[in-house]
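Inspection log for the structure reproduced underneath, given as structure tokens.
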Amino acid sequence: MKKLITEEDVKKILKQGGSVVVKTKDSIITPLAKDLINTKKLTIIVKESDDNIQSINQSSSASSGKRIALGSDHTGFRLKNILLKYLTDKGYLVNDHGTYDEKQCDYPDFAKKVAMSVTLNENDFGILIDATGIPSAIAANKIKGIRAATCYNTFSARSSRAHNDANILVVGSRALGEETIKLIVDEWLSTTFEGGRHKKRLDKISDIENEKS
């Protein structure tokens with residue numbers, strides 16, 4: 001028996017802050033559900049098998065176990081949805097912190113949401129997207145314990161993790177192409193902090209952060 005994905009199912013995903021509808025090849029999306037998905041510009045992901053419609057935010061079967069907080073302003077909305085599917089397909093637990101449409105919005109709001117989720121250990125890493133990759137990094141770095149790095153190639157991505165232990169990656173949707181950004185994301189997430197002399201330097205940054213003004 002084919003499973004129906006109804007308008008109420010989609011509303012539940014929206015209420016939970018999700019932006020992706022997961023279905024199997026055997027699932028049927030009702031016309032009303034399709035209309036709501038199109039209106040809210042949700043992404044549909046087709047899985048080989050999945051018993052229930054669900055928000056990607058609730059996925060618990062990620063093989064990597066890494067939790068990724070994803071956020072963007074309106075300029076990064078399209079790319080955010082692309083990365084949401086890309087990372088989920090790779091087995092990451094992805095939490096979408098918005099924005100959820102292309103209406104004009106303010107990047108500090110989403111930078112703060114992602115940064116707070118990382119510093120509170122709700123997520124292991126964060127990825128932020130805006131037009132250039134610069135303003136969201138500035139905003140996120142105002143949160144204590146956050147080391148947000150704007151990266152434009154795989155070398156800067158690798159270095160920001162290996163040497164700087166960056167916990168948030170920031171990329172520019174209008175500065176780089178989609179495939180280049182995917183390569184940067186892969187490099188960043190697969191690189192580990194080397195410690196050693198780099199740890200001493202990070203400790204000095206922490207000292208600056210902890211100084212009273």
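In the structure tokens, chains take the letters A, B, ... in the order shown, each chain's residues start at 1, and ligands count up from 1 in the order shown.
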
Could you give me, as a tab-separated table, every region 87-116 of chain A residue with an atom at most 12 Å from region 186-189 of chain A, plus its closest atom pair and distance in Å to one decimal, counting only C-alpha atoms, rows ordered by chain then number?
```
residue	atom	partner	partner_atom	distance
A:Leu87	CA	A:Asp186	CA	9.1
A:Lys90	CA	A:Asp186	CA	10.0
A:Tyr92	CA	A:Leu189	CA	10.2
```

Inset, instruction - Going by DSSP on the backbone, which bits of region 44-142 of chain A are strand (DSSP E)? Write them as a ChimeraX atom specification, please. - result: /A:44-47,67-72,93-96,125-130

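The two atoms in question, CA of Ala149 (chain A) and CA of Val171 (chain A), are spaced 8.6 Å apart.
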
Inset, instruction - Within 10 Å of region 164-169 of chain A, counting only C-alpha atoms, which residues show up once you throw out same-chain ones fewer than 4 positions away? Write them as a count of residues only, please. - result: 44

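Taking CA of Ile5 (chain A) and CA of Thr88 (chain A) as endpoints, the distance between them is 20.3 Å.
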
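The nearest approach to Ile143 (chain A) among the residues A:Met116, A:Leu32, A:Ala162, A:Ala131, with only C-alpha atoms taken into account, belongs to A:Met116.
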
Inset, instruction - For each of A:Arg174, A:Ile44, A:Lys144, A:Lys103, take the minimum atom-to-atom distance to Ile205 (chain A), counting only C-alpha atoms, then give the residue where this is smallest. - result: A:Lys144

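Nearest to Leu93 (chain A) of all the residues A:Lys112, A:Arg161, A:Lys23, A:Arg67 is A:Arg67, counting only C-alpha atoms.
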
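Residue nearest Ile37 (chain A) within the list A:Asp130, A:Asp73, A:Glu7, A:Glu179: A:Glu7 [criterion: smallest interatomic distance, only C-alpha atoms].
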
Inset, instruction - Can you work out which one of A:Ile45, A:Asp101, A:Val10, A:Ile134 has the shortest atom-to-atom distance to Lys25 (chain A), counting only C-alpha atoms? - result: A:Ile45

Inset, instruction - Would you mind listing what lies within 12 Å of Lys85 (chain A) as a count of residues only, with only C-alpha atoms counted and same-chain residues fewer than 6 positions away left out? - result: 23

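Separating CA of His97 (chain A) from CA of Ser173 (chain A) is a distance of 17.0 Å.
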